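Here is the structure we will look at, set down as structure tokens.
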Amino acid sequence: MEFLGTTQTASSCGPKKACGFRALSPAGPAPVIQECYQPYYLPGYRYLNSWRPSLFYNVSNAQTCQDKGAASHSTLRPPTILPSLRSTLFCRFSPRDWDQCNQQQMRGAEALRLWANQVMGDSKRLVQDKEQLTHQMQEGACRNLGQRLSDISFWKSELRYELERLLGESRSLDAVKQRLECAADEVNCPLQVALECLYHREKRVGIDLVHDNVEKNLIQEVDLVKCCQEQMRKLAQRIDLQMRDNRDAQHALEKDLEDKHSAQFIDEKCLNLKNTSDCITFFHGVEKVDGSISVPESWAKFSNNNIRHSQNMRANSIRLREEAENLFETLSDQMWKQFTDTNLALNARIAEVTGVENKLQTQLAKTLQEIFQAENTLTLLERSIMAKECPLKVAQTRLECRTWRPNVELCRDTPQFKLVNEVFTIDDTLQTLRLRLRETQSVLQLLLMTKCRLEHELALKARTLSIDRRCVGMRSTFPSTPRLMGYT
């Protein structure tokens with residue numbers, strides 16, 4: 001069997017052929033010795049050459065004579081390796097290494113035997129110690145569970161007491177809320193009356209649609225009633241939110257009580273467990289799972305915070321109830337006062353409008369007298385103007401006829417000057433009379449317009465008095481103080 005994988009350029013590889021070497025020239029230089037190492041790689045063994053020794057071969061540059069058959073044979077398969085090189089490849093360790101390895105194995109076995117004896121002795125002592133430790137820890141766990149049950153019972157009693165007080169305060173707060181809602185609904189009737197009075201007074205026409213004290217008081221009354229309703233409803237909403245907070249605190253207390261009850265049941269069950277109990281079993285890895293979310297300090301603080309939160313909610317509820325009582329008293333007094341002021345202003349306005357109506361009737365009578373005199377003056381002026389038209393026609397006709405005088409007879413003589421002066425004078429008189437006629441007509445028109453305005457104002461005043469008297473009749477009743485405070 002031949003070993004594959006040697007170099008093809010080695011001088012010892014390949015079959016030897018009987019052929020002579022070419023004679024070398026003695027005068028020439030010495031043959032060149034080249035160090036060449038060109039390995040031959042099989043498929044998949046290109047990088048597995050760590051076993052190859054670092055050998056280089058001295059190859060002469062002398063060329064050998066090979067025939068064609070040998071050349072073709074050397075290209076088909078690689079030559080075998082020498083036996084001297086095969087032994088060199090597989091020599092890994094020396095005798096010294098072998099001795100050292102054996103000594104090391106013996107020393108390791110002796111040390112392991114001594115360590116095993118020590119471990120067995122330590123194991124016996126460990127079993128005794130752990131048995132005692134386990135017993136002590138189990139007794140400590142029972143004591144801790146008993147103490148834990150005492151703590152749970154204490155906090156359960158505190159939570160139960162606080163829950164009862166919170167429930168009582170919530171019932172009182174709910175009663176105050178219902179009173180606020182009843183009072184807010186009760187003032188709807190006075191509000192509708194005030195709005196209806198404002199609506200009727202909007203039916204006033206012209207100058208009587210004035211922003212008087214009655215309207216100001218009615219607007220103030222509407223605003224006050226709406227403000228009172230808004231305050232009551234806002235306080236009711238605050239109470240509703242507070243009741244929601246109370247329910248949250250109540251839920252927290254109940255949930256804490258329920259959790260305490262569950263924890264007490266579980267801890268009593270754990271306290272009653274013994275080594276001989278039937279329900280014990282292995283739960284591998286349960287000690288590695290830390291599902292706790294609190295420590296004893298945070299656990300006690302949690303219940304204490306729930307109680308403090310409930311106490312704060314009760315304090316807020318008490319403040320809201322006191323605020324509601326003060327609000328009832330204040331708003332009822334304000335609404336009664338405003339109702340009285342509005343009625344007084346309405347009666348005063350009726351008296352004032354009645355006085356103005358009487359004065360307007362007096363002015364109307366005087367205006368009618370002036371209209372009669374203006375009509376007589378107008379008739380006199382018209383007659384005077386008609387009387388001045390004929391003299392003006394005569395003077396103008398005379399001037400026109402004198403324009404027909406021939407040649408030098410067309411002279412600007414004294415009659416001519418007198419006629420021109422007469423025309424201008426009569427014309428100026430007519431213009432003055434016509435101007436006075438127009439002024440008199442304007443005065444008459446103004447008097448007639450004043451008459452119409454006075455009659456219109458009297459109609460408005462009558463309408464206003466009718467509206468205000470109707471408002472007085474509508475505002476005859478008002479809710480009593482107990483009803484304004486929410487009592488039915």
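By order in the structure tokens, chains are A, B, ...; within a chain, residues start at 1; ligands start at 1, following the order shown.
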
Practice prompt. Might you pull out every residue within 8 Å of segment 443-457 of chain A, with only C-alpha atoms counted and same-chain residues fewer than 5 positions away left off, and present them as JSON, numbers by chain?
Written response: {"A": [360, 361, 363, 364, 367, 368, 370, 371, 374, 375]}

Worksheet item: Closest to Pro296 of chain A among A:Ala111, A:Val353, A:Ala348, A:Ile152, using only C-alpha atoms?
Response: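 Looking at the shortest contact to Pro296 of chain A, the residue is A:Ile152.
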
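Summary of the local environment: counting only C-alpha atoms, residues at most 12 Å from Lys255 of chain A, other than itself and those fewer than 5 positions away along its chain, are Lys156, Leu159, Arg160, Leu163, Arg247, Asp248, Ala249, Gln250, Lys260, His261, Ser262, Ala263, Phe302, Ser303 and Asn306 of chain A.
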
Output file for the selection above: C-alpha atoms, as a JSON list (two decimals), in the first residue's frame:
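Saved the output as result04.json:
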[["chain", "number", "residue", "atom", "x", "y", "z"],
["A", 156, "LYS", "CA", -59.70, 43.42, 61.21],
["A", 159, "LEU", "CA", -61.16, 48.15, 59.79],
["A", 160, "ARG", "CA", -64.62, 46.95, 60.83],
["A", 163, "LEU", "CA", -66.26, 50.88, 58.05],
["A", 247, "ARG", "CA", -67.60, 54.38, 48.30],
["A", 248, "ASP", "CA", -64.03, 53.98, 47.12],
["A", 249, "ALA", "CA", -62.83, 54.15, 50.72],
["A", 250, "GLN", "CA", -65.60, 51.77, 51.70],
["A", 260, "LYS", "CA", -57.58, 39.88, 55.96],
["A", 261, "HIS", "CA", -60.24, 37.21, 56.38],
["A", 262, "SER", "CA", -58.74, 35.14, 53.56],
["A", 263, "ALA", "CA", -55.23, 35.60, 54.93],
["A", 302, "PHE", "CA", -51.45, 49.65, 53.91],
["A", 303, "SER", "CA", -54.27, 49.01, 56.41],
["A", 306, "ASN", "CA", -56.91, 52.73, 54.34]]

Please report as a tab-separated table every residue of segment 264-376 of chain A lying within 8 Å of segment 214-223 of chain A, along with the nearest atom pair and their distance in Å (one decimal), using only C-alpha atoms.
residue	atom	partner	partner_atom	distance
A:Met335	CA	A:Glu221	CA	7.3
A:Gln338	CA	A:Glu221	CA	6.0
A:Phe339	CA	A:Glu221	CA	6.9
A:Asp341	CA	A:Asn217	CA	7.1
A:Thr342	CA	A:Asn217	CA	5.2
A:Ala345	CA	A:Val214	CA	5.2
A:Leu346	CA	A:Val214	CA	5.3
A:Arg349	CA	A:Val214	CA	7.1

Could those selected residues go to a file with N, CA and C atoms, as a PDB file, in the first residue's frame?
ATOM      1  N   MET A 335     -82.532  85.338  48.588  1.00  0.00           N
ATOM      2  CA  MET A 335     -83.667  85.264  47.659  1.00  0.00           C
ATOM      3  C   MET A 335     -84.875  86.019  48.199  1.00  0.00           C
ATOM      4  N   GLN A 338     -84.155  89.815  47.768  1.00  0.00           N
ATOM      5  CA  GLN A 338     -84.263  90.227  46.376  1.00  0.00           C
ATOM      6  C   GLN A 338     -85.716  90.236  45.904  1.00  0.00           C
ATOM      7  N   PHE A 339     -86.501  89.286  46.353  1.00  0.00           N
ATOM      8  CA  PHE A 339     -87.919  89.250  45.995  1.00  0.00           C
ATOM      9  C   PHE A 339     -88.637  90.500  46.509  1.00  0.00           C
ATOM     10  N   ASP A 341     -87.213  93.478  47.249  1.00  0.00           N
ATOM     11  CA  ASP A 341     -86.710  94.658  46.517  1.00  0.00           C
ATOM     12  C   ASP A 341     -87.351  94.773  45.137  1.00  0.00           C
ATOM     13  N   THR A 342     -87.545  93.668  44.463  1.00  0.00           N
ATOM     14  CA  THR A 342     -88.162  93.701  43.132  1.00  0.00           C
ATOM     15  C   THR A 342     -89.607  94.168  43.207  1.00  0.00           C
ATOM     16  N   ALA A 345     -89.620  97.949  43.809  1.00  0.00           N
ATOM     17  CA  ALA A 345     -89.266  98.669  42.586  1.00  0.00           C
ATOM     18  C   ALA A 345     -90.408  98.646  41.577  1.00  0.00           C
ATOM     19  N   LEU A 346     -91.127  97.548  41.508  1.00  0.00           N
ATOM     20  CA  LEU A 346     -92.237  97.450  40.564  1.00  0.00           C
ATOM     21  C   LEU A 346     -93.372  98.405  40.955  1.00  0.00           C
ATOM     22  N   ARG A 349     -92.309 101.916  40.132  1.00  0.00           N
ATOM     23  CA  ARG A 349     -92.355 102.170  38.693  1.00  0.00           C
ATOM     24  C   ARG A 349     -93.778 102.422  38.223  1.00  0.00           C
TER      25      ARG A 349
END
